[in-house]
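Shown next, in structure tokens, is the structure this report addresses.
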Amino acid sequence: MTEEKEYLRFPGYVSVKEAAAILGLKENRVWYYIRLNRLPARKIDGRSMIPEQAVQDFHIKPRGRVRTDPPPWRAYRGGANVCGLQIITRIEPAQLQSVQDRLQSIEQEQTYLFPGTMQRYIFVDENDPHILLVQLIWKDTELTDEASLMSDLEAFKAELSDLLDWTTASYVHLRAILQT
């Protein structure tokens, strides 16, 4: 089998499968970039091959529009207040990977969406990766029942209670003065 693999290698080129592994993408995504002419490919002995240098130089463009100018500060108008809740808690010792796995599961299952919120963030502190910050943002005109939000938050906390130390959590209730 290794002889066959060596036979199919071409100096300076990698297969679509190898390019996907190098770039951390699925093969379908590599084919997509080839169709867009973002990755050059050519047929060699009937196989699509990509120059190694092109794979090394390839950068995935960020999604959405890239801002060239920062948005201006403004006060929110329209009879509503932008509110927020910021929760800082500690990740239990040796549980960082488990927290990341559980949060990935929450994302995949689309649970704990906190209806009425307009933004939800979960951050890990870059200086101390055992500190987790949960930030919820809403307009008071769209989230009319804050008790419902707190009920959802209690369910979220219960889901992560074996991984996060909620007893030491600090809660900050916010109201925006300026925004972008």
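Residues in the structure tokens are numbered from 1 in each chain, the chains being A, B, ... in the order shown, and ligands are numbered from 1 in the order shown.
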
Close residues, Asp125 of chain A itself excluded, 12 Å, only C-alpha atoms, min 3 positions apart in chain, as a PyMOL selection string
chain A and resi 88-91+96+122+128-134

Segment 3-178 of chain A: residues DSSP assigns to strand (DSSP E or B), reported as an MDAnalysis selection string
chainID A and resid 13:15 42:44 47:51 74 82:91 117:124 131:139 164:175

Applying 12 Å and only C-alpha atoms, which residues near segment 146-160 of chain A remain after dropping the ones on its own chain fewer than 3 positions away? List them as a ChimeraX atom specification.
/A:83-87,89-92,95-96,98-103,105-106,111-117,120,132,134-143,163-167,169,171,173

Picked from chain A by DSSP as helix (DSSP H, G or I), as a PyMOL selection string:
chain A and resi 2-7+16-23+27-35+52-57+96-109+146-159
